[in-house]
$ cat coords-v2.tsv   # TSV, N, CA and C atoms
chain	number	residue	atom	x	y	z
L	328	MET	N	0.83	-1.18	0.00
L	328	MET	CA	0.00	0.00	0.00
L	328	MET	C	0.88	1.25	0.00
L	329	ALA	N	0.55	2.23	-0.83
L	329	ALA	CA	1.34	3.44	-0.96
L	329	ALA	C	1.15	4.33	0.27
L	330	LYS	N	2.23	5.03	0.62
L	330	LYS	CA	2.15	5.97	1.73
L	330	LYS	C	1.25	7.13	1.33
L	331	ASN	N	0.48	7.61	2.29
L	331	ASN	CA	-0.40	8.74	2.04
L	331	ASN	C	0.37	10.02	2.32
L	332	THR	N	0.99	10.57	1.29
L	332	THR	CA	1.79	11.78	1.44
L	332	THR	C	1.19	12.89	0.59
L	333	MET	N	1.67	14.09	0.81
L	333	MET	CA	1.20	15.23	0.02
L	333	MET	C	1.52	15.03	-1.46
L	334	ALA	N	2.60	14.30	-1.76
L	334	ALA	CA	2.97	14.07	-3.16
L	334	ALA	C	1.89	13.29	-3.88
L	335	ASN	N	1.18	12.43	-3.15
L	335	ASN	CA	0.10	11.66	-3.76
L	335	ASN	C	-1.13	12.52	-4.01
L	336	LYS	N	-1.17	13.71	-3.45
L	336	LYS	CA	-2.35	14.55	-3.55
L	336	LYS	C	-2.12	15.76	-4.46
L	337	LEU	N	-1.14	15.69	-5.32
L	337	LEU	CA	-0.90	16.79	-6.25
L	337	LEU	C	-2.04	16.87	-7.25
L	338	PRO	N	-2.41	18.08	-7.66
L	338	PRO	CA	-3.41	18.21	-8.72
L	338	PRO	C	-2.90	17.54	-10.00
L	339	ARG	N	-3.80	17.00	-10.76
L	339	ARG	CA	-3.45	16.29	-12.00
L	339	ARG	C	-2.59	17.17	-12.92
L	340	LYS	N	-2.88	18.44	-12.97
L	340	LYS	CA	-2.12	19.37	-13.83
L	340	LYS	C	-0.64	19.38	-13.43
L	341	LEU	N	-0.36	19.37	-12.12
L	341	LEU	CA	1.03	19.37	-11.66
L	341	LEU	C	1.71	18.02	-11.92
L	342	ILE	N	0.95	16.95	-11.77
L	342	ILE	CA	1.50	15.62	-12.06
L	342	ILE	C	1.93	15.56	-13.53
L	343	GLN	N	1.09	16.09	-14.41
L	343	GLN	CA	1.41	16.09	-15.84
L	343	GLN	C	2.65	16.92	-16.12
L	344	LYS	N	2.80	18.04	-15.43
L	344	LYS	CA	3.98	18.88	-15.64
L	344	LYS	C	5.24	18.18	-15.14
L	345	MET	N	5.14	17.49	-14.02
L	345	MET	CA	6.28	16.74	-13.51
L	345	MET	C	6.68	15.63	-14.49
L	346	GLU	N	5.69	14.99	-15.10
L	346	GLU	CA	5.98	13.95	-16.10
L	346	GLU	C	6.71	14.54	-17.30
L	347	ILE	N	6.34	15.75	-17.69
L	347	ILE	CA	7.01	16.42	-18.81
L	347	ILE	C	8.46	16.73	-18.43
L	348	VAL	N	8.68	17.23	-17.21
L	348	VAL	CA	10.04	17.51	-16.74
L	348	VAL	C	10.87	16.23	-16.77
L	349	GLY	N	10.31	15.15	-16.28
L	349	GLY	CA	11.02	13.87	-16.29
L	349	GLY	C	11.39	13.43	-17.70
L	350	GLU	N	10.45	13.57	-18.61
L	350	GLU	CA	10.71	13.20	-20.01
L	350	GLU	C	11.79	14.09	-20.62
L	351	GLN	N	11.79	15.37	-20.29
L	351	GLN	CA	12.81	16.28	-20.81
L	351	GLN	C	14.19	15.90	-20.27
L	352	ILE	N	14.26	15.51	-19.01
L	352	ILE	CA	15.53	15.07	-18.43
L	352	ILE	C	16.01	13.80	-19.11
L	353	LYS	N	15.09	12.88	-19.34
L	353	LYS	CA	15.45	11.63	-20.02
L	353	LYS	C	15.97	11.91	-21.43
L	354	LEU	N	15.29	12.77	-22.16
L	354	LEU	CA	15.74	13.11	-23.52
L	354	LEU	C	17.11	13.78	-23.51
L	355	ALA	N	17.35	14.63	-22.51
L	355	ALA	CA	18.67	15.27	-22.40
L	355	ALA	C	19.75	14.22	-22.18
L	356	ARG	N	19.45	13.22	-21.36
L	356	ARG	CA	20.43	12.14	-21.12
L	356	ARG	C	20.68	11.36	-22.40
L	357	LEU	N	19.61	11.03	-23.11
L	357	LEU	CA	19.75	10.25	-24.34
L	357	LEU	C	20.49	11.04	-25.43
L	358	ARG	N	20.22	12.33	-25.53
L	358	ARG	CA	20.93	13.17	-26.51
L	358	ARG	C	22.43	13.19	-26.26
L	359	ARG	N	22.80	13.07	-24.99
L	359	ARG	CA	24.21	13.07	-24.61
L	359	ARG	C	24.82	11.66	-24.69
L	360	ASN	N	23.98	10.71	-25.09
L	360	ASN	CA	24.41	9.32	-25.22
L	360	ASN	C	25.01	8.78	-23.91
L	361	LEU	N	24.34	9.12	-22.79
L	361	LEU	CA	24.78	8.66	-21.49
L	361	LEU	C	23.84	7.59	-20.98
L	362	SER	N	24.40	6.60	-20.35
L	362	SER	CA	23.57	5.54	-19.76
L	362	SER	C	23.00	6.02	-18.44
L	363	MET	N	22.00	5.32	-17.96
L	363	MET	CA	21.43	5.64	-16.66
L	363	MET	C	22.49	5.46	-15.58
L	364	ALA	N	23.31	4.45	-15.72
L	364	ALA	CA	24.36	4.19	-14.73
L	364	ALA	C	25.35	5.36	-14.66
L	365	GLN	N	25.72	5.90	-15.81
L	365	GLN	CA	26.66	7.02	-15.84
L	365	GLN	C	26.07	8.27	-15.17
L	366	VAL	N	24.84	8.59	-15.50
L	366	VAL	CA	24.22	9.79	-14.91
L	366	VAL	C	23.97	9.58	-13.42
L	367	ALA	N	23.53	8.40	-13.05
L	367	ALA	CA	23.29	8.12	-11.63
L	367	ALA	C	24.58	8.26	-10.83
L	368	GLU	N	25.67	7.75	-11.38
L	368	GLU	CA	26.96	7.87	-10.69
L	368	GLU	C	27.38	9.33	-10.56
L	369	ARG	N	27.24	10.10	-11.62
L	369	ARG	CA	27.61	11.51	-11.60
L	369	ARG	C	26.71	12.33	-10.66
L	370	ALA	N	25.45	11.90	-10.54
L	370	ALA	CA	24.50	12.61	-9.68
L	370	ALA	C	24.50	12.05	-8.26
L	371	THR	N	25.34	11.08	-8.02
L	371	THR	CA	25.43	10.39	-6.72
L	371	THR	C	24.06	9.94	-6.21
L	372	CYS	N	23.37	9.22	-7.08
L	372	CYS	CA	22.10	8.61	-6.70
L	372	CYS	C	22.04	7.23	-7.34
L	373	SER	N	21.05	6.47	-6.99
L	373	SER	CA	20.91	5.13	-7.57
L	373	SER	C	20.20	5.23	-8.92
L	374	GLU	N	20.33	4.17	-9.70
L	374	GLU	CA	19.62	4.11	-10.98
L	374	GLU	C	18.12	4.09	-10.76
L	375	VAL	N	17.68	3.48	-9.67
L	375	VAL	CA	16.25	3.45	-9.34
L	375	VAL	C	15.74	4.88	-9.13
L	376	THR	N	16.52	5.69	-8.41
L	376	THR	CA	16.13	7.08	-8.17
L	376	THR	C	16.14	7.87	-9.48
L	377	LEU	N	17.14	7.66	-10.31
L	377	LEU	CA	17.19	8.33	-11.61
L	377	LEU	C	15.98	7.95	-12.45
L	378	CYS	N	15.57	6.69	-12.39
L	378	CYS	CA	14.38	6.24	-13.11
L	378	CYS	C	13.15	7.00	-12.62
L	379	LYS	N	13.06	7.24	-11.32
L	379	LYS	CA	11.95	8.00	-10.75
L	379	LYS	C	11.98	9.45	-11.23
L	380	VAL	N	13.18	10.00	-11.33
L	380	VAL	CA	13.34	11.37	-11.85
L	380	VAL	C	12.84	11.43	-13.29
L	381	GLU	N	13.25	10.46	-14.09
L	381	GLU	CA	12.87	10.44	-15.50
L	381	GLU	C	11.39	10.18	-15.70
L	382	LYS	N	10.72	9.64	-14.69
L	382	LYS	CA	9.27	9.48	-14.74
L	382	LYS	C	8.56	10.71	-14.20
L	383	GLY	N	9.34	11.62	-13.60
L	383	GLY	CA	8.78	12.86	-13.08
L	383	GLY	C	8.04	12.68	-11.77
L	384	LEU	N	8.44	11.71	-10.98
L	384	LEU	CA	7.76	11.47	-9.71
L	384	LEU	C	8.06	12.59	-8.72
L	385	SER	N	7.03	13.05	-8.05
L	385	SER	CA	7.18	14.16	-7.12
L	385	SER	C	7.69	13.72	-5.76
L	386	THR	N	7.85	12.44	-5.56
L	386	THR	CA	8.37	11.95	-4.28
L	386	THR	C	9.88	12.08	-4.19
L	387	VAL	N	10.53	12.39	-5.30
L	387	VAL	CA	11.98	12.58	-5.32
L	387	VAL	C	12.27	14.03	-4.93
L	388	SER	N	13.26	14.21	-4.06
L	388	SER	CA	13.55	15.57	-3.58
L	388	SER	C	14.09	16.45	-4.71
L	389	ILE	N	13.88	17.73	-4.53
L	389	ILE	CA	14.36	18.69	-5.53
L	389	ILE	C	15.89	18.65	-5.60
L	390	GLY	N	16.53	18.31	-4.49
L	390	GLY	CA	17.99	18.20	-4.49
L	390	GLY	C	18.48	17.14	-5.46
L	391	ILE	N	17.77	16.04	-5.55
L	391	ILE	CA	18.14	14.98	-6.50
L	391	ILE	C	17.94	15.49	-7.93
L	392	TYR	N	16.82	16.15	-8.16
L	392	TYR	CA	16.60	16.72	-9.50
L	392	TYR	C	17.74	17.66	-9.87
L	393	LEU	N	18.17	18.49	-8.92
L	393	LEU	CA	19.27	19.42	-9.19
L	393	LEU	C	20.56	18.68	-9.48
L	394	ARG	N	20.84	17.61	-8.73
L	394	ARG	CA	22.08	16.86	-8.98
L	394	ARG	C	22.06	16.19	-10.35
L	395	VAL	N	20.88	15.72	-10.77
L	395	VAL	CA	20.76	15.13	-12.11
L	395	VAL	C	20.96	16.20	-13.17
L	396	LEU	N	20.35	17.36	-12.98
L	396	LEU	CA	20.56	18.46	-13.93
L	396	LEU	C	22.02	18.86	-14.00
L	397	TYR	N	22.69	18.87	-12.84
L	397	TYR	CA	24.11	19.20	-12.80
L	397	TYR	C	24.93	18.15	-13.56
L	398	ALA	N	24.58	16.89	-13.39
L	398	ALA	CA	25.29	15.81	-14.09
L	398	ALA	C	25.12	15.94	-15.60
L	399	LEU	N	24.00	16.51	-16.02
L	399	LEU	CA	23.74	16.70	-17.46
L	399	LEU	C	24.17	18.10	-17.94
L	400	GLN	N	24.80	18.85	-17.07
L	400	GLN	CA	25.23	20.22	-17.35
L	400	GLN	C	24.05	21.12	-17.72
L	401	LEU	N	22.93	20.91	-17.02
L	401	LEU	CA	21.73	21.72	-17.23
L	401	LEU	C	21.31	22.43	-15.95
L	402	ASP	N	22.22	22.53	-15.00
L	402	ASP	CA	21.87	23.09	-13.69
L	402	ASP	C	21.44	24.56	-13.75
L	403	ASP	N	21.88	25.30	-14.74
L	403	ASP	CA	21.47	26.70	-14.86
L	403	ASP	C	19.98	26.83	-15.20
L	404	ASP	N	19.40	25.76	-15.72
L	404	ASP	CA	17.97	25.79	-16.06
L	404	ASP	C	17.09	26.03	-14.83
L	405	ILE	N	17.57	25.69	-13.66
L	405	ILE	CA	16.78	25.88	-12.45
L	405	ILE	C	16.52	27.37	-12.21
L	406	LEU	N	17.38	28.22	-12.74
L	406	LEU	CA	17.21	29.65	-12.57
L	406	LEU	C	16.04	30.20	-13.39
L	407	LEU	N	15.51	29.39	-14.28
L	407	LEU	CA	14.38	29.82	-15.10
L	407	LEU	C	13.05	29.69	-14.37
L	408	LEU	N	13.04	28.97	-13.25
L	408	LEU	CA	11.80	28.80	-12.49
L	408	LEU	C	11.33	30.15	-11.96
L	409	ALA	N	10.09	30.45	-12.20
L	409	ALA	CA	9.44	31.67	-11.72
L	409	ALA	C	10.17	32.94	-12.14
L	410	LYS	N	10.96	32.87	-13.20
L	410	LYS	CA	11.71	34.04	-13.65
L	410	LYS	C	10.79	35.12	-14.19
L	411	ASP	N	9.86	34.71	-15.03
L	411	ASP	CA	8.96	35.68	-15.65
L	411	ASP	C	7.61	35.61	-14.94
L	412	ASP	N	7.51	36.31	-13.83
L	412	ASP	CA	6.32	36.29	-12.98
L	412	ASP	C	5.31	37.31	-13.49
L	413	LYS	N	4.59	36.95	-14.55
L	413	LYS	CA	3.66	37.89	-15.18
L	413	LYS	C	2.54	38.31	-14.23
L	414	LEU	N	1.99	37.37	-13.51
L	414	LEU	CA	0.91	37.70	-12.59
L	414	LEU	C	1.40	38.62	-11.47
L	415	GLY	N	2.55	38.28	-10.90
L	415	GLY	CA	3.10	39.11	-9.84
L	415	GLY	C	3.39	40.53	-10.30
L	416	ARG	N	3.93	40.64	-11.50
L	416	ARG	CA	4.23	41.97	-12.04
L	416	ARG	C	2.95	42.75	-12.32
L	417	ALA	N	1.93	42.05	-12.81
L	417	ALA	CA	0.65	42.71	-13.08
L	417	ALA	C	0.04	43.22	-11.78
L	418	LEU	N	0.09	42.42	-10.74
L	418	LEU	CA	-0.44	42.84	-9.45
L	418	LEU	C	0.34	44.03	-8.90
L	419	GLN	N	1.64	43.97	-9.08
L	419	GLN	CA	2.49	45.08	-8.62
L	419	GLN	C	2.15	46.35	-9.39
L	420	ASP	N	1.98	46.21	-10.69
L	420	ASP	CA	1.67	47.37	-11.52
L	420	ASP	C	0.30	47.97	-11.20
L	421	MET	N	-0.60	47.17	-10.69
L	421	MET	CA	-1.93	47.66	-10.33
L	421	MET	C	-1.87	48.53	-9.07
L	422	GLY	N	-0.72	48.53	-8.43
L	422	GLY	CA	-0.55	49.37	-7.26
L	422	GLY	C	-1.28	48.87	-6.03
L	423	LEU	N	-1.38	47.56	-5.91
L	423	LEU	CA	-2.02	47.01	-4.73
L	423	LEU	C	-1.25	47.41	-3.49
L	424	LYS	N	-1.95	47.63	-2.42
L	424	LYS	CA	-1.31	48.02	-1.17
L	424	LYS	C	-0.46	46.86	-0.66
L	425	HIS	N	0.72	47.19	-0.22
L	425	HIS	CA	1.59	46.20	0.39
L	425	HIS	C	1.39	46.26	1.89
L	426	ARG	N	1.31	45.10	2.49
L	426	ARG	CA	1.16	45.05	3.93
L	426	ARG	C	2.47	45.47	4.60
L	427	GLN	N	2.36	46.27	5.62
L	427	GLN	CA	3.54	46.71	6.35
L	427	GLN	C	3.48	46.14	7.75
L	428	ARG	N	4.64	45.90	8.28
L	428	ARG	CA	4.72	45.42	9.65
L	428	ARG	C	4.30	46.51	10.62
L	429	ALA	N	3.70	46.07	11.68
L	429	ALA	CA	3.35	47.03	12.73
L	429	ALA	C	4.62	47.52	13.40
L	430	THR	N	4.61	48.76	13.83
L	430	THR	CA	5.79	49.30	14.51
L	430	THR	C	5.91	48.68	15.90
L	431	LYS	N	7.13	48.56	16.35
L	431	LYS	CA	7.36	48.02	17.68
L	431	LYS	C	6.94	49.03	18.73
L	432	LYS	N	6.25	48.53	19.71
L	432	LYS	CA	5.85	49.41	20.81
L	432	LYS	C	6.94	49.37	21.86
L	433	GLY	N	7.39	50.48	22.24
L	433	GLY	CA	8.51	50.46	23.16
L	433	GLY	C	8.30	51.30	24.30
$ encode --input "coords-v2.tsv" --output "structure tokens"
Amino acid sequence: MAKNTMANKLPRKLIQKMEIVGEQIKLARLRRNLSMAQVAERATCSEVTLCKVEKGLSTVSIGIYLRVLYALQLDDDILLLAKDDKLGRALQDMGLKHRQRATKKG
């Protein structure tokens, strides 16, 4: 029986995105003509864990994903996450009030 974790409760949309990430990592490995054993060794993880990464499983820590990206020389790609925050910029541009901390009473 599978453990009941938050990873099992991800919205379907996020599960699909994780699967796409896994497939992209797998394709990057194949384009470099590297075996799973080679990438797993370079990422200091097991082949079983690398297989989980390539399936896009959310139960694998982000640290493992980063080590695999590093082994494939794609670690700079992590900097692209949330880079273009269109919604945040739109909200900022609308001039929404920013919450301020209360002053200390002394």
$ closest_atom_pairs --input "coords-v2.tsv" --of "segment 338-385 of chain L" --to "segment 397-406 of chain L" --cutoff "7 Å" --atoms "all atoms listed in the file" --output "Markdown table"
| residue | atom | partner | partner_atom | distance |
| --- | --- | --- | --- | --- |
| L:Ala355 | C | L:Leu399 | CA | 6.7 |
| L:Arg356 | CA | L:Leu399 | CA | 6.7 |
| L:Val366 | CA | L:Ala398 | CA | 6.2 |
| L:Arg369 | C | L:Ala398 | CA | 5.1 |
| L:Ala370 | N | L:Ala398 | CA | 5.3 |
$ atom_distance --input "coords-v2.tsv" --atom1 "atom CA of Asp411 of chain L" --atom2 "atom CA of Ser388 of chain L"
23.9 Å
$ select_by_dssp --input "coords-v2.tsv" --residues "chain L" --states "alpha helix (DSSP H)" --output "count of residues only"
54
$ residues_around --input "coords-v2.tsv" --residues "segment 375-383 of chain L" --least-positions-apart "2" --cutoff "6.5 Å" --atoms "all atoms listed in the file" --output "PDB file with N, CA and C atoms, in the frame of the given file"
ATOM      1  N   MET L 345       5.140  17.490 -14.020  1.00  0.00           N
ATOM      2  CA  MET L 345       6.280  16.740 -13.510  1.00  0.00           C
ATOM      3  C   MET L 345       6.680  15.630 -14.490  1.00  0.00           C
ATOM      4  N   GLU L 346       5.690  14.990 -15.100  1.00  0.00           N
ATOM      5  CA  GLU L 346       5.980  13.950 -16.100  1.00  0.00           C
ATOM      6  C   GLU L 346       6.710  14.540 -17.300  1.00  0.00           C
ATOM      7  N   ILE L 347       6.340  15.750 -17.690  1.00  0.00           N
ATOM      8  CA  ILE L 347       7.010  16.420 -18.810  1.00  0.00           C
ATOM      9  C   ILE L 347       8.460  16.730 -18.430  1.00  0.00           C
ATOM     10  N   VAL L 348       8.680  17.230 -17.210  1.00  0.00           N
ATOM     11  CA  VAL L 348      10.040  17.510 -16.740  1.00  0.00           C
ATOM     12  C   VAL L 348      10.870  16.230 -16.770  1.00  0.00           C
ATOM     13  N   GLY L 349      10.310  15.150 -16.280  1.00  0.00           N
ATOM     14  CA  GLY L 349      11.020  13.870 -16.290  1.00  0.00           C
ATOM     15  C   GLY L 349      11.390  13.430 -17.700  1.00  0.00           C
ATOM     16  N   GLU L 350      10.450  13.570 -18.610  1.00  0.00           N
ATOM     17  CA  GLU L 350      10.710  13.200 -20.010  1.00  0.00           C
ATOM     18  C   GLU L 350      11.790  14.090 -20.620  1.00  0.00           C
ATOM     19  N   ILE L 352      14.260  15.510 -19.010  1.00  0.00           N
ATOM     20  CA  ILE L 352      15.530  15.070 -18.430  1.00  0.00           C
ATOM     21  C   ILE L 352      16.010  13.800 -19.110  1.00  0.00           C
ATOM     22  N   LYS L 353      15.090  12.880 -19.340  1.00  0.00           N
ATOM     23  CA  LYS L 353      15.450  11.630 -20.020  1.00  0.00           C
ATOM     24  C   LYS L 353      15.970  11.910 -21.430  1.00  0.00           C
ATOM     25  N   ALA L 367      23.530   8.400 -13.050  1.00  0.00           N
ATOM     26  CA  ALA L 367      23.290   8.120 -11.630  1.00  0.00           C
ATOM     27  C   ALA L 367      24.580   8.260 -10.830  1.00  0.00           C
ATOM     28  N   CYS L 372      23.370   9.220  -7.080  1.00  0.00           N
ATOM     29  CA  CYS L 372      22.100   8.610  -6.700  1.00  0.00           C
ATOM     30  C   CYS L 372      22.040   7.230  -7.340  1.00  0.00           C
ATOM     31  N   SER L 373      21.050   6.470  -6.990  1.00  0.00           N
ATOM     32  CA  SER L 373      20.910   5.130  -7.570  1.00  0.00           C
ATOM     33  C   SER L 373      20.200   5.230  -8.920  1.00  0.00           C
ATOM     34  N   SER L 385       7.030  13.050  -8.050  1.00  0.00           N
ATOM     35  CA  SER L 385       7.180  14.160  -7.120  1.00  0.00           C
ATOM     36  C   SER L 385       7.690  13.720  -5.760  1.00  0.00           C
ATOM     37  N   THR L 386       7.850  12.440  -5.560  1.00  0.00           N
ATOM     38  CA  THR L 386       8.370  11.950  -4.280  1.00  0.00           C
ATOM     39  C   THR L 386       9.880  12.080  -4.190  1.00  0.00           C
TER      40      THR L 386
END
$ atom_distance --input "coords-v2.tsv" --atom1 "atom C of Leu341 of chain L" --atom2 "atom CA of Gln365 of chain L"
27.5 Å
$ atom_distance --input "coords-v2.tsv" --atom1 "atom CA of Glu374 of chain L" --atom2 "atom CA of Leu361 of chain L"
12.6 Å
$ build_atoms --input "coords-v2.tsv" --residues "segment 365-381 of chain L" --atoms "N, CA, C and O atoms" --output "JSON list (two decimals), in the coordinates of the input"
[["chain", "number", "residue", "atom", "x", "y", "z"],
["L", 365, "GLN", "N", 25.72, 5.90, -15.81],
["L", 365, "GLN", "CA", 26.66, 7.02, -15.84],
["L", 365, "GLN", "C", 26.07, 8.27, -15.17],
["L", 365, "GLN", "O", 26.74, 8.91, -14.36],
["L", 366, "VAL", "N", 24.84, 8.59, -15.50],
["L", 366, "VAL", "CA", 24.22, 9.79, -14.91],
["L", 366, "VAL", "C", 23.97, 9.58, -13.42],
["L", 366, "VAL", "O", 24.22, 10.49, -12.62],
["L", 367, "ALA", "N", 23.53, 8.40, -13.05],
["L", 367, "ALA", "CA", 23.29, 8.12, -11.63],
["L", 367, "ALA", "C", 24.58, 8.26, -10.83],
["L", 367, "ALA", "O", 24.59, 8.84, -9.74],
["L", 368, "GLU", "N", 25.67, 7.75, -11.38],
["L", 368, "GLU", "CA", 26.96, 7.87, -10.69],
["L", 368, "GLU", "C", 27.38, 9.33, -10.56],
["L", 368, "GLU", "O", 27.80, 9.77, -9.49],
["L", 369, "ARG", "N", 27.24, 10.10, -11.62],
["L", 369, "ARG", "CA", 27.61, 11.51, -11.60],
["L", 369, "ARG", "C", 26.71, 12.33, -10.66],
["L", 369, "ARG", "O", 27.14, 13.32, -10.08],
["L", 370, "ALA", "N", 25.45, 11.90, -10.54],
["L", 370, "ALA", "CA", 24.50, 12.61, -9.68],
["L", 370, "ALA", "C", 24.50, 12.05, -8.26],
["L", 370, "ALA", "O", 23.73, 12.52, -7.43],
["L", 371, "THR", "N", 25.34, 11.08, -8.02],
["L", 371, "THR", "CA", 25.43, 10.39, -6.72],
["L", 371, "THR", "C", 24.06, 9.94, -6.21],
["L", 371, "THR", "O", 23.66, 10.26, -5.10],
["L", 372, "CYS", "N", 23.37, 9.22, -7.08],
["L", 372, "CYS", "CA", 22.10, 8.61, -6.70],
["L", 372, "CYS", "C", 22.04, 7.23, -7.34],
["L", 372, "CYS", "O", 22.88, 6.88, -8.15],
["L", 373, "SER", "N", 21.05, 6.47, -6.99],
["L", 373, "SER", "CA", 20.91, 5.13, -7.57],
["L", 373, "SER", "C", 20.20, 5.23, -8.92],
["L", 373, "SER", "O", 19.55, 6.23, -9.24],
["L", 374, "GLU", "N", 20.33, 4.17, -9.70],
["L", 374, "GLU", "CA", 19.62, 4.11, -10.98],
["L", 374, "GLU", "C", 18.12, 4.09, -10.76],
["L", 374, "GLU", "O", 17.36, 4.64, -11.57],
["L", 375, "VAL", "N", 17.68, 3.48, -9.67],
["L", 375, "VAL", "CA", 16.25, 3.45, -9.34],
["L", 375, "VAL", "C", 15.74, 4.88, -9.13],
["L", 375, "VAL", "O", 14.68, 5.26, -9.64],
["L", 376, "THR", "N", 16.52, 5.69, -8.41],
["L", 376, "THR", "CA", 16.13, 7.08, -8.17],
["L", 376, "THR", "C", 16.14, 7.87, -9.48],
["L", 376, "THR", "O", 15.23, 8.66, -9.75],
["L", 377, "LEU", "N", 17.14, 7.66, -10.31],
["L", 377, "LEU", "CA", 17.19, 8.33, -11.61],
["L", 377, "LEU", "C", 15.98, 7.95, -12.45],
["L", 377, "LEU", "O", 15.38, 8.80, -13.13],
["L", 378, "CYS", "N", 15.57, 6.69, -12.39],
["L", 378, "CYS", "CA", 14.38, 6.24, -13.11],
["L", 378, "CYS", "C", 13.15, 7.00, -12.62],
["L", 378, "CYS", "O", 12.31, 7.42, -13.41],
["L", 379, "LYS", "N", 13.06, 7.24, -11.32],
["L", 379, "LYS", "CA", 11.95, 8.00, -10.75],
["L", 379, "LYS", "C", 11.98, 9.45, -11.23],
["L", 379, "LYS", "O", 10.94, 10.04, -11.52],
["L", 380, "VAL", "N", 13.18, 10.00, -11.33],
["L", 380, "VAL", "CA", 13.34, 11.37, -11.85],
["L", 380, "VAL", "C", 12.84, 11.43, -13.29],
["L", 380, "VAL", "O", 12.10, 12.33, -13.68],
["L", 381, "GLU", "N", 13.25, 10.46, -14.09],
["L", 381, "GLU", "CA", 12.87, 10.44, -15.50],
["L", 381, "GLU", "C", 11.39, 10.18, -15.70],
["L", 381, "GLU", "O", 10.84, 10.47, -16.76]]
